[in-house]
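Novice: My structure is stored as target.cif, with mmCIF, C-alpha atoms.
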```cif
data_run
loop_
_atom_site.label_atom_id
_atom_site.label_comp_id
_atom_site.auth_asym_id
_atom_site.auth_seq_id
_atom_site.Cartn_x
_atom_site.Cartn_y
_atom_site.Cartn_z
CA MET A 1 -24.77 28.45 5.38
CA ARG A 2 -25.27 24.70 5.12
CA TYR A 3 -26.82 25.09 1.65
CA LEU A 4 -23.87 27.16 0.50
CA PHE A 5 -21.50 24.57 1.86
CA THR A 6 -23.22 21.68 0.11
CA TYR A 7 -23.52 23.73 -3.06
CA SER A 8 -19.81 24.50 -3.07
CA LEU A 9 -19.07 20.85 -2.39
CA PHE A 10 -21.27 20.00 -5.34
CA VAL A 11 -19.39 22.49 -7.51
CA LEU A 12 -16.08 21.06 -6.32
CA TRP A 13 -17.34 17.61 -7.14
CA GLY A 14 -18.46 18.71 -10.57
CA ILE A 15 -15.10 20.21 -11.36
CA THR A 16 -12.90 17.43 -10.11
CA VAL A 17 -14.80 15.05 -12.38
CA HIS A 18 -12.84 15.03 -15.54
CA GLY A 19 -13.77 17.45 -18.24
CA LEU A 20 -14.16 15.55 -21.47
CA TYR A 21 -17.24 13.40 -21.92
CA PHE A 22 -19.10 11.59 -24.69
CA HIS A 23 -22.24 9.56 -25.10
CA ILE A 24 -22.55 5.87 -25.91
CA GLY A 25 -25.46 3.52 -26.14
CA GLU A 26 -25.99 1.27 -23.18
CA THR A 27 -24.89 -1.82 -25.02
CA GLU A 28 -22.33 -0.08 -27.17
CA ARG A 29 -18.61 -0.60 -26.95
CA LYS A 30 -16.17 2.25 -27.36
CA CYS A 31 -12.50 1.69 -28.01
CA PHE A 32 -9.50 3.96 -27.91
CA ILE A 33 -6.05 3.26 -29.22
CA GLU A 34 -2.85 4.24 -27.47
CA GLU A 35 0.43 3.79 -29.25
CA ILE A 36 3.02 3.62 -26.51
CA PRO A 37 6.55 2.36 -25.92
CA ASP A 38 7.14 -0.49 -23.48
CA GLU A 39 7.25 -0.07 -19.69
CA THR A 40 4.96 2.94 -19.87
CA MET A 41 2.25 3.53 -17.32
CA VAL A 42 -1.22 4.51 -18.52
CA THR A 43 -3.89 5.80 -16.16
CA GLY A 44 -7.51 6.26 -17.09
CA ASN A 45 -10.14 8.11 -15.07
CA TYR A 46 -13.79 7.74 -15.92
CA LYS A 47 -17.27 8.41 -14.62
CA LEU A 48 -20.46 6.86 -15.85
CA GLN A 49 -23.86 8.54 -15.79
CA LEU A 50 -27.24 7.67 -17.24
CA TYR A 51 -28.21 10.14 -19.93
CA ASP A 52 -31.59 10.81 -21.40
CA PRO A 53 -31.22 12.10 -24.97
CA SER A 54 -34.76 13.48 -25.10
CA THR A 55 -34.39 15.79 -22.11
CA GLY A 56 -30.66 16.23 -22.34
CA GLY A 57 -30.28 15.66 -18.62
CA THR A 58 -28.35 13.20 -16.57
CA MET A 59 -29.56 11.08 -13.76
CA ALA A 60 -27.54 9.90 -10.82
CA SER A 61 -25.99 6.60 -11.67
CA SER A 62 -28.11 3.74 -10.50
CA ALA A 63 -26.69 1.09 -8.27
CA GLY A 64 -25.29 -1.80 -10.18
CA LEU A 65 -24.20 0.30 -13.12
CA GLY A 66 -20.64 -0.61 -13.82
CA MET A 67 -18.01 -0.17 -16.45
CA HIS A 68 -16.13 -3.02 -17.98
CA VAL A 69 -12.63 -2.07 -19.05
CA GLU A 70 -10.67 -4.24 -21.45
CA VAL A 71 -7.13 -3.58 -22.58
CA HIS A 72 -5.42 -5.51 -25.38
CA ASP A 73 -1.71 -5.32 -26.14
CA PRO A 74 -0.28 -5.15 -29.69
CA ASP A 75 -0.28 -8.96 -29.96
CA ASP A 76 -3.99 -8.99 -29.11
CA LYS A 77 -3.41 -10.47 -25.70
CA MET A 78 -5.60 -9.29 -22.85
CA VAL A 79 -3.67 -7.12 -20.46
CA LEU A 80 -6.53 -5.95 -18.30
CA SER A 81 -10.12 -7.07 -18.16
CA ARG A 82 -12.01 -5.95 -15.13
CA MET A 83 -15.37 -4.72 -14.09
CA TYR A 84 -15.25 -1.44 -12.23
CA SER A 85 -17.95 0.56 -10.50
CA SER A 86 -19.62 3.50 -12.19
CA GLU A 87 -16.73 5.76 -11.30
CA GLY A 88 -13.08 5.10 -10.83
CA ARG A 89 -9.67 4.80 -12.33
CA PHE A 90 -7.69 2.02 -13.92
CA THR A 91 -3.96 1.68 -14.49
CA PHE A 92 -1.83 -0.62 -16.55
CA THR A 93 1.78 -0.77 -17.64
CA SER A 94 2.70 -1.80 -21.14
CA HIS A 95 5.21 -4.62 -21.49
CA SER A 96 5.58 -4.53 -25.25
CA PRO A 97 5.72 -1.47 -27.49
CA GLY A 98 2.90 -0.82 -29.88
CA GLU A 99 -0.78 -0.11 -30.18
CA HIS A 100 -2.78 -0.91 -27.10
CA VAL A 101 -6.55 -0.92 -27.44
CA ILE A 102 -8.62 0.24 -24.48
CA CYS A 103 -12.28 -0.73 -24.71
CA LEU A 104 -15.07 0.48 -22.47
CA TYR A 105 -18.57 -0.86 -22.21
CA SER A 106 -21.18 -0.92 -19.51
CA ASN A 107 -22.33 -4.06 -17.78
CA SER A 108 -25.88 -3.65 -19.01
CA THR A 109 -27.48 -6.98 -19.80
CA LYS A 110 -30.27 -5.53 -21.95
CA TRP A 111 -30.42 -6.71 -25.52
CA PHE A 112 -31.77 -3.46 -26.85
CA SER A 113 -31.89 -0.21 -25.02
CA ARG A 114 -32.73 3.30 -26.10
CA SER A 115 -31.16 5.05 -23.17
CA GLN A 116 -27.64 6.32 -23.42
CA LEU A 117 -24.72 6.71 -21.09
CA ARG A 118 -22.59 9.76 -20.49
CA VAL A 119 -18.99 8.74 -20.00
CA HIS A 120 -16.52 11.23 -18.56
CA PHE A 121 -13.13 10.00 -19.69
CA ASP A 122 -9.59 11.10 -19.19
CA ILE A 123 -6.48 9.16 -20.09
CA GLN A 124 -2.93 10.05 -19.15
CA VAL A 125 0.19 8.38 -20.47
CA GLY A 126 3.70 8.18 -19.11
CA GLU A 127 4.90 11.14 -17.10
CA HIS A 128 1.50 12.85 -17.31
CA ALA A 129 0.16 10.00 -15.19
CA ILE A 130 2.44 10.73 -12.27
CA ASP A 131 0.92 12.58 -9.35
CA TYR A 132 3.66 14.93 -8.19
CA ALA A 133 1.84 16.03 -5.07
CA ASN A 134 1.98 12.45 -3.91
CA VAL A 135 5.65 12.08 -4.83
CA ALA A 136 6.59 15.29 -3.02
CA GLN A 137 4.79 14.20 0.09
CA LYS A 138 6.12 10.66 0.14
CA GLU A 139 9.75 11.48 -0.54
CA LYS A 140 9.77 14.87 1.19
CA LEU A 141 11.22 16.74 -1.75
CA THR A 142 11.74 20.46 -1.95
CA GLU A 143 10.28 22.43 -4.79
CA LEU A 144 13.46 22.42 -6.84
CA GLN A 145 14.01 18.71 -6.24
CA LEU A 146 10.46 18.05 -7.38
CA ARG A 147 11.00 20.09 -10.50
CA VAL A 148 14.18 18.15 -11.28
CA ARG A 149 12.30 14.90 -10.71
CA GLN A 150 9.66 16.04 -13.19
CA LEU A 151 12.35 16.91 -15.74
CA LEU A 152 13.97 13.51 -15.22
CA ASP A 153 10.66 11.75 -15.82
CA GLN A 154 10.06 13.77 -18.95
CA VAL A 155 13.49 13.01 -20.33
CA GLU A 156 12.99 9.31 -19.59
CA GLN A 157 9.74 9.35 -21.51
CA ILE A 158 11.41 11.10 -24.43
CA THR A 159 14.18 8.48 -24.48
CA LYS A 160 11.65 5.64 -24.44
CA GLU A 161 9.72 7.21 -27.27
CA GLN A 162 12.91 7.65 -29.33
CA ASN A 163 13.77 4.01 -28.79
CA TYR A 164 10.28 3.01 -29.83
CA GLN A 165 10.65 5.19 -32.91
CA ARG A 166 13.72 3.20 -33.93
CA TYR A 167 11.76 -0.05 -33.56
CA ARG A 168 8.87 1.34 -35.62
CA GLU A 169 11.15 2.58 -38.36
CA GLU A 170 12.74 -0.87 -38.56
CA ARG A 171 9.31 -2.43 -38.94
CA PHE A 172 8.44 0.07 -41.68
CA ARG A 173 11.67 -0.74 -43.47
CA MET A 174 11.02 -4.48 -43.24
CA THR A 175 7.53 -4.02 -44.64
CA SER A 176 8.90 -2.04 -47.58
CA GLU A 177 11.56 -4.69 -48.26
CA SER A 178 8.89 -7.38 -48.16
CA THR A 179 6.73 -5.44 -50.63
CA ASN A 180 9.72 -5.04 -52.92
CA GLN A 181 10.38 -8.78 -52.82
CA ARG A 182 6.73 -9.61 -53.45
CA VAL A 183 6.53 -7.31 -56.46
CA LEU A 184 9.71 -8.87 -57.89
CA TRP A 185 8.45 -12.43 -57.49
CA TRP A 186 5.06 -11.42 -58.84
CA SER A 187 6.50 -10.08 -62.09
CA ILE A 188 8.71 -13.14 -62.57
CA GLY A 189 5.81 -15.43 -61.73
CA GLN A 190 3.47 -13.62 -64.14
CA VAL A 191 5.89 -13.98 -67.05
CA ALA A 192 6.38 -17.66 -66.21
CA ILE A 193 2.63 -18.30 -66.03
CA LEU A 194 2.04 -16.49 -69.33
CA VAL A 195 4.74 -18.50 -71.10
CA ILE A 196 3.49 -21.80 -69.67
CA MET A 197 -0.13 -21.04 -70.57
CA GLY A 198 0.93 -20.01 -74.07
CA PHE A 199 2.79 -23.23 -74.61
CA TRP A 200 -0.08 -25.30 -73.25
CA GLN A 201 -2.62 -23.50 -75.43
CA MET A 202 -0.63 -24.05 -78.60
CA ARG A 203 0.05 -27.70 -77.81
CA HIS A 204 -3.56 -28.41 -76.91
CA LEU A 205 -4.93 -26.70 -80.01
CA LYS A 206 -2.40 -28.42 -82.27
CA SER A 207 -3.51 -31.84 -81.03
CA PHE A 208 -7.15 -30.74 -81.39
CA PHE A 209 -6.70 -29.64 -84.98
CA GLU A 210 -4.71 -32.78 -85.82
CA ALA A 211 -7.59 -34.83 -84.46
CA LYS A 212 -9.98 -32.87 -86.61
CA LYS A 213 -7.69 -33.47 -89.61
CA LEU A 214 -7.44 -29.74 -90.29
CA VAL A 215 -3.68 -29.58 -89.96
CA MET B 1 -17.67 32.81 14.96
CA ALA B 2 -14.54 34.45 13.60
CA TRP B 3 -12.97 31.14 12.69
CA ALA B 4 -16.19 30.02 11.00
CA SER B 5 -16.20 33.02 8.67
CA ARG B 6 -12.46 32.59 8.11
CA SER B 7 -12.79 28.92 7.25
CA TRP B 8 -15.69 29.81 4.95
CA LEU B 9 -13.43 32.36 3.25
CA CYS B 10 -10.75 29.71 2.85
CA LEU B 11 -13.24 27.36 1.32
CA GLN B 12 -14.39 30.02 -1.13
CA LEU B 13 -10.79 30.71 -2.08
CA ILE B 14 -10.13 27.04 -2.67
CA ILE B 15 -13.25 26.76 -4.82
CA LEU B 16 -12.27 29.85 -6.76
CA LEU B 17 -8.78 28.51 -7.35
CA LEU B 18 -10.19 25.22 -8.52
CA ILE B 19 -12.54 26.97 -10.91
CA LEU B 20 -9.77 29.15 -12.31
CA ASP B 21 -7.30 26.33 -12.47
CA VAL B 22 -9.26 24.17 -14.86
CA CYS B 23 -6.65 21.98 -16.44
CA CYS B 24 -6.98 18.87 -18.38
CA SER B 25 -5.33 17.87 -21.56
CA VAL B 26 -6.81 14.81 -23.15
CA GLU B 27 -5.37 13.00 -26.16
CA LEU B 28 -7.52 10.34 -27.72
CA THR B 29 -7.08 8.13 -30.77
CA PHE B 30 -10.31 6.53 -31.86
CA GLU B 31 -11.79 4.78 -34.83
CA LEU B 32 -14.46 6.60 -36.80
CA PRO B 33 -16.54 4.10 -38.81
CA ASP B 34 -17.90 5.07 -42.21
CA ASN B 35 -21.06 7.17 -42.17
CA ALA B 36 -20.50 7.87 -38.49
CA LYS B 37 -20.21 10.99 -36.41
CA GLU B 38 -18.49 11.13 -33.03
CA CYS B 39 -18.87 14.03 -30.64
CA PHE B 40 -16.94 14.96 -27.54
CA HIS B 41 -18.12 17.51 -25.00
CA GLU B 42 -16.32 19.55 -22.39
CA ASP B 43 -17.43 22.16 -19.90
CA ILE B 44 -15.19 25.20 -20.20
CA SER B 45 -15.32 28.29 -18.01
CA GLU B 46 -15.29 31.81 -19.38
CA GLY B 47 -11.93 33.30 -20.23
CA VAL B 48 -10.09 29.98 -20.37
CA ASP B 49 -7.78 29.33 -23.31
CA ALA B 50 -8.30 26.05 -25.11
CA THR B 51 -6.62 24.36 -28.05
CA LEU B 52 -8.06 21.70 -30.31
CA GLU B 53 -5.76 19.61 -32.49
CA PHE B 54 -6.64 16.70 -34.71
CA GLN B 55 -5.05 14.46 -37.32
CA VAL B 56 -6.31 11.60 -39.43
CA VAL B 57 -3.96 8.63 -39.09
CA THR B 58 -5.41 6.01 -41.46
CA GLY B 59 -8.29 5.59 -43.84
CA GLY B 60 -9.37 6.61 -47.31
CA HIS B 61 -8.09 9.99 -48.35
CA TYR B 62 -7.06 10.79 -44.76
CA ASP B 63 -9.74 13.44 -44.40
CA VAL B 64 -12.50 14.15 -41.92
CA ASP B 65 -15.09 16.86 -41.22
CA VAL B 66 -14.62 18.74 -37.98
CA GLU B 67 -17.00 21.10 -36.21
CA LEU B 68 -16.47 22.92 -32.92
CA GLU B 69 -19.56 24.42 -31.34
CA GLY B 70 -19.88 26.72 -28.37
CA PRO B 71 -22.52 26.64 -25.63
CA GLY B 72 -25.12 28.45 -27.71
CA ARG B 73 -24.59 25.96 -30.57
CA GLU B 74 -22.72 28.64 -32.49
CA VAL B 75 -20.02 27.31 -34.80
CA LEU B 76 -16.55 28.37 -33.71
CA TYR B 77 -14.50 26.27 -36.09
CA LYS B 78 -15.58 24.22 -39.07
CA GLU B 79 -13.48 22.29 -41.56
CA VAL B 80 -14.59 20.05 -44.37
CA LYS B 81 -12.46 17.10 -45.50
CA GLN B 82 -9.37 18.21 -43.67
CA GLN B 83 -6.34 16.02 -42.93
CA TYR B 84 -5.05 17.80 -39.85
CA GLY B 85 -5.64 21.05 -38.11
CA GLN B 86 -5.17 23.13 -35.01
CA PHE B 87 -7.45 25.75 -33.51
CA GLN B 88 -6.84 27.95 -30.50
CA PHE B 89 -9.69 29.82 -28.89
CA LYS B 90 -10.62 31.65 -25.73
CA ALA B 91 -13.95 30.66 -24.24
CA ARG B 92 -16.21 33.70 -24.31
CA THR B 93 -18.98 32.14 -22.27
CA SER B 94 -19.05 29.34 -19.77
CA GLY B 95 -20.79 26.23 -20.88
CA THR B 96 -20.54 22.99 -22.74
CA TYR B 97 -18.41 23.09 -25.84
CA GLN B 98 -18.63 20.20 -28.27
CA VAL B 99 -16.33 19.01 -31.02
CA CYS B 100 -17.71 16.62 -33.63
CA PHE B 101 -15.83 14.52 -36.16
CA SER B 102 -17.84 13.33 -39.11
CA ASN B 103 -17.09 10.61 -41.64
CA GLU B 104 -20.55 10.76 -43.16
CA PHE B 105 -19.24 11.56 -46.64
CA SER B 106 -17.42 8.26 -46.87
CA THR B 107 -19.21 5.04 -47.75
CA PHE B 108 -16.68 2.35 -46.95
CA SER B 109 -13.49 3.73 -45.45
CA HIS B 110 -13.33 3.95 -41.71
CA LYS B 111 -10.84 6.38 -40.31
CA LEU B 112 -8.52 6.46 -37.36
CA VAL B 113 -8.55 9.96 -35.87
CA TYR B 114 -6.21 11.48 -33.29
CA MET B 115 -7.62 14.30 -31.19
CA ASP B 116 -6.00 16.52 -28.57
CA LEU B 117 -8.07 18.93 -26.52
CA GLN B 118 -6.17 21.13 -24.08
CA VAL B 119 -8.20 23.25 -21.73
CA GLY B 120 -6.51 25.82 -19.55
CA ASP B 121 -2.87 26.05 -18.69
CA GLU B 122 -0.82 23.16 -17.45
CA LYS B 123 -1.31 22.44 -13.79
CA PRO B 124 1.71 23.83 -11.93
CA LEU B 125 3.77 21.61 -9.66
CA PRO B 126 2.45 21.48 -6.11
CA GLY B 127 4.05 24.16 -4.01
CA VAL B 128 5.04 26.37 -6.92
CA SER B 129 1.95 28.58 -6.87
CA ASP B 130 2.60 29.44 -3.22
CA HIS B 131 5.57 31.51 -4.28
CA LEU B 132 5.34 35.14 -3.42
CA THR B 133 9.00 35.92 -3.97
CA ALA B 134 10.62 36.02 -7.39
CA MET B 135 12.04 32.80 -8.76
CA THR B 136 15.75 32.16 -8.53
CA GLN B 137 17.86 31.64 -11.62
CA MET B 138 17.83 27.90 -11.02
CA GLU B 139 14.07 27.81 -10.80
CA SER B 140 13.47 29.90 -13.89
CA SER B 141 15.97 27.81 -15.86
CA SER B 142 14.23 24.63 -14.82
CA VAL B 143 10.90 26.10 -15.87
CA LYS B 144 12.41 26.91 -19.28
CA ILE B 145 13.75 23.38 -19.59
CA HIS B 146 10.34 22.00 -18.68
CA GLU B 147 8.62 24.07 -21.35
CA ASN B 148 11.14 22.97 -23.97
CA LEU B 149 10.72 19.34 -23.02
CA ASN B 150 6.98 19.77 -23.39
CA LEU B 151 7.65 20.99 -26.92
CA VAL B 152 9.89 18.00 -27.61
CA ILE B 153 7.18 15.60 -26.46
CA ASP B 154 4.68 17.43 -28.65
CA TYR B 155 6.95 17.15 -31.70
CA GLN B 156 7.50 13.49 -30.96
CA THR B 157 3.76 12.91 -30.95
CA HIS B 158 3.39 14.59 -34.33
CA HIS B 159 6.28 12.58 -35.71
CA ARG B 160 4.77 9.37 -34.39
CA LEU B 161 1.44 10.14 -36.06
CA GLN B 162 3.04 10.92 -39.40
CA GLU B 163 5.17 7.80 -39.22
CA ALA B 164 2.16 5.68 -38.25
CA LYS B 165 0.33 7.01 -41.30
CA GLY B 166 3.17 6.00 -43.63
CA ARG B 167 3.74 2.66 -41.96
CA LYS B 168 0.10 1.60 -42.01
CA ARG B 169 -0.18 2.55 -45.67
CA ALA B 170 2.95 0.49 -46.43
CA GLU B 171 1.48 -2.51 -44.60
CA GLU B 172 -1.75 -2.09 -46.53
CA ILE B 173 0.16 -2.01 -49.83
CA ASN B 174 2.11 -5.10 -48.83
CA GLU B 175 -1.10 -7.06 -48.29
CA THR B 176 -2.73 -5.67 -51.42
CA VAL B 177 0.23 -6.76 -53.56
CA LEU B 178 -0.19 -10.35 -52.36
CA TYR B 179 -3.91 -10.41 -53.15
CA TRP B 180 -3.37 -8.85 -56.56
CA ALA B 181 -0.62 -11.39 -57.42
CA VAL B 182 -2.76 -14.39 -56.51
CA GLY B 183 -5.83 -12.89 -58.16
CA GLU B 184 -4.08 -12.10 -61.39
CA SER B 185 -2.50 -15.55 -61.65
CA ILE B 186 -5.90 -17.15 -61.29
CA ALA B 187 -7.33 -14.73 -63.86
CA ILE B 188 -4.61 -15.52 -66.42
CA VAL B 189 -5.02 -19.27 -66.02
CA GLY B 190 -8.78 -18.92 -66.22
CA ILE B 191 -8.70 -16.75 -69.34
CA ALA B 192 -6.32 -19.14 -71.08
CA LEU B 193 -8.66 -22.07 -70.39
CA VAL B 194 -11.73 -20.14 -71.52
CA GLN B 195 -10.00 -19.06 -74.74
CA VAL B 196 -9.18 -22.65 -75.64
CA LEU B 197 -12.70 -23.80 -74.79
CA ILE B 198 -14.35 -21.12 -76.92
CA LEU B 199 -12.02 -21.83 -79.81
CA LYS B 200 -12.80 -25.52 -79.61
CA ASN B 201 -16.45 -24.63 -79.48
CA PHE B 202 -16.20 -22.67 -82.74
CA PHE B 203 -14.66 -25.60 -84.51
CA GLY B 204 -16.93 -28.11 -82.85
CA GLU B 205 -20.19 -26.56 -84.14
CA ARG B 206 -19.25 -26.07 -87.74
CA THR B 207 -19.29 -29.41 -89.36
CA TYR B 208 -18.51 -28.14 -92.82
CA ILE B 209 -15.08 -26.74 -92.86
CA ARG B 210 -13.21 -26.09 -95.93
CA VAL B 211 -9.53 -25.82 -95.53
CA GLY B 212 -7.78 -24.79 -98.63
#
```
Before anything else, please render the file you have as structure tokens.

Specialist:
Amino acid sequence: MRYLFTYSLFVLWGITVHGLYFHIGETERKCFIEEIPDETMVTGNYKLQLYDPSTGGTMASSAGLGMHVEVHDPDDKMVLSRMYSSEGRFTFTSHSPGEHVICLYSNSTKWFSRSQLRVHFDIQVGEHAIDYANVAQKEKLTELQLRVRQLLDQVEQITKEQNYQRYREERFRMTSESTNQRVLWWSIGQVAILVIMGFWQMRHLKSFFEAKKLV
Amino acid sequence: MAWASRSWLCLQLIILLLILDVCCSVELTFELPDNAKECFHEDISEGVDATLEFQVVTGGHYDVDVELEGPGREVLYKEVKQQYGQFQFKARTSGTYQVCFSNEFSTFSHKLVYMDLQVGDEKPLPGVSDHLTAMTQMESSSVKIHENLNLVIDYQTHHRLQEAKGRKRAEEINETVLYWAVGESIAIVGIALVQVLILKNFFGERTYIRVG
């Protein structure tokens, strides 16, 4: 009975750990990009395990194995830079719209290592990051009220994304206008340079030939 | 002992529900360097529906090789040099499924790839699955609204990816135009100088020149 209990706990444990995983070298750095509007919450769940590529098996994470999480905002400013344990979650809220870069790397101090790490990773943005069980419990909402709350959150996210879309489109338009201007100045500048060089060539050669008494 | 067997039954039920209710939808945007291959793995139970979606956002000809393998390393979905794609499948066996993106055919263009792997159905709101009675009109309408909003968010994501593709290309062109302008100006000035030098060289060597 006890074995069954521990086994089922183990299975539970295995399932609650987030599904998607990938392998990275111990000293390798892996980055993901999230393009999000401002005031959006992003939650990441991860789990780190030592992985042996030759056997294909994982070992229980050794003590001291940690994950360093670094988040940069679109202006390349550091939003979050913290060392976490081998399993956990991190959260940040964006204050400016754009591409945020989330980088993960382990705290291994080895210069060269052949062992790899298995990283279970899951990232949720905006309304996907909200835990409705928690909300229902805290605010004592009925089922319908909770559903309406979920719809409200979704609509808010849609509105933020639409607003961000307007900002992006404006940036795109400005870039195109800038390219147009540059091409215009380039063609004018090219003609000017050609004319100037032509004049200089002729003048220089004329004086050269006059010096040589050929003209 | 009755309560022990009952609590054991409850535990089994919970475990079963958890196994059946495998959720998780993960969207990741990552950079794929040239000559690189990135693989993602996920454990999927038998009978669970899963959807894989990918799109190349920037880089080269906006194409990437994709391969989805099942637990027995059998190929379920394979695309070569594809810009975007979607594949829905039902897991026939439980095990580790892996999806690999390869940029090995490219020598110098690194790609930015968006990937979305949805496993299982969306997790229902807490308290909804306890329903044994039929849903009221209000509840079924709100479920419909929720599904439509999910669609809207999905369309927005696609739109954002397409727009990002166009915008990044425009920014790339903008920079390229500047480099070309400066480069060509230097080239013209340089060629003009070299022409004059060579011409002077011709006349400098020949000491006997007859000009009629």

Novice: Name the residues that the PyMOL selection byres ((chain A) within 7 of (chain B)) pulls out of this structure, and write them as a count of residues only.

Specialist: 28

Novice: Rounded to one decimal, what separation in Å do you get between CA of Gly64 in chain A and CA of Glu26 in chain A?

Specialist: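 A separation of 13.4 Å between them.
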
Novice: Apply the PyMOL selection byres ((chain A and resi 101-116) around 6) to the displayed file and report the matching residues as a list in words.

Specialist: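 Taken over the shown coordinates, the PyMOL selection byres ((chain A and resi 101-116) around 6) returns Ile24, Gly25, Glu26, Arg29, Lys30, Cys31, Phe32, Ile33, Tyr51, Gly66, Met67, His68, Val69, Glu70, Val71, His72, His100 and Leu117 of chain A.
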
Novice: Choose the residue, out of A:Gln124, A:Thr55, A:Ser178, A:Thr27, that has the smallest atom-to-atom separation from Thr40 in chain A; count only C-alpha atoms.

Specialist: A:Gln124

Novice: What's the separation between CA of Arg118 in chain A and CA of Asp34 in chain B, in Å to one decimal place?

Specialist: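 A separation of 22.7 Å between them.
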
Novice: Using only C-alpha atoms, which of A:Lys160, A:Asp153, A:Glu127, A:Glu139 sits nearest Glu39 in chain A?

Specialist: A:Lys160

Novice: Record the distance separating CA of Leu151 in chain B and CA of Gly95 in chain B, expressed in Å with one decimal.

Specialist: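 That distance, rounded to one decimal, is 29.5 Å.
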
Novice: Identify the residues around (7.9, 3.5, -32.9) within a radius of 9 Å, measuring from all atoms listed in the file in the coordinates stated by the file, and give them as a ChimeraX atom specification.

Specialist: /A:35-37,97-98,161-171 /B:160,163-164

Novice: My list of candidates is B:Ser109, B:Gln118, B:Asn103, B:Ser141. Which is closest to Lys37 in chain B when distances are computed with only C-alpha atoms?

Specialist: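 The closest residue to Lys37 in chain B is B:Asn103.
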
Novice: So, with all atoms listed in the file as the atoms that count, which of B:Lys123, B:Arg92, B:Lys111, B:Lys144 lies closest to Asp49 in chain B?

Specialist: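 Going through B:Lys123, B:Arg92, B:Lys111, B:Lys144 one by one, the smallest distance to Asp49 in chain B is for B:Arg92.
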
Novice: Once the PyMOL selection byres ((chain B and resi 77) around 10) is applied to the coordinates I shared, what remains selected? I want it as number ranges by chain.

Specialist: B: 52, 66-70, 74-76, 78-79, 86-89, 99

Novice: Name the residues in contact with Gly126 in chain A at a cut-off of 7 Å, using only C-alpha atoms, excluding same-chain residues fewer than 6 positions from it; report them as a list in words.

Specialist: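 Final neighbour list, sorted by chain and number: Thr40, Met41, Val42 and Gln157 of chain A.
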
Novice: Let me make sure I understand: among B:Val80, B:Val64, B:Ile198, B:Ala91, which one has the smallest atom-to-atom distance to Ala36 in chain B if we use all atoms listed in the file?

Specialist: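 Among the listed residues, the smallest separation from Ala36 in chain B belongs to B:Val64.
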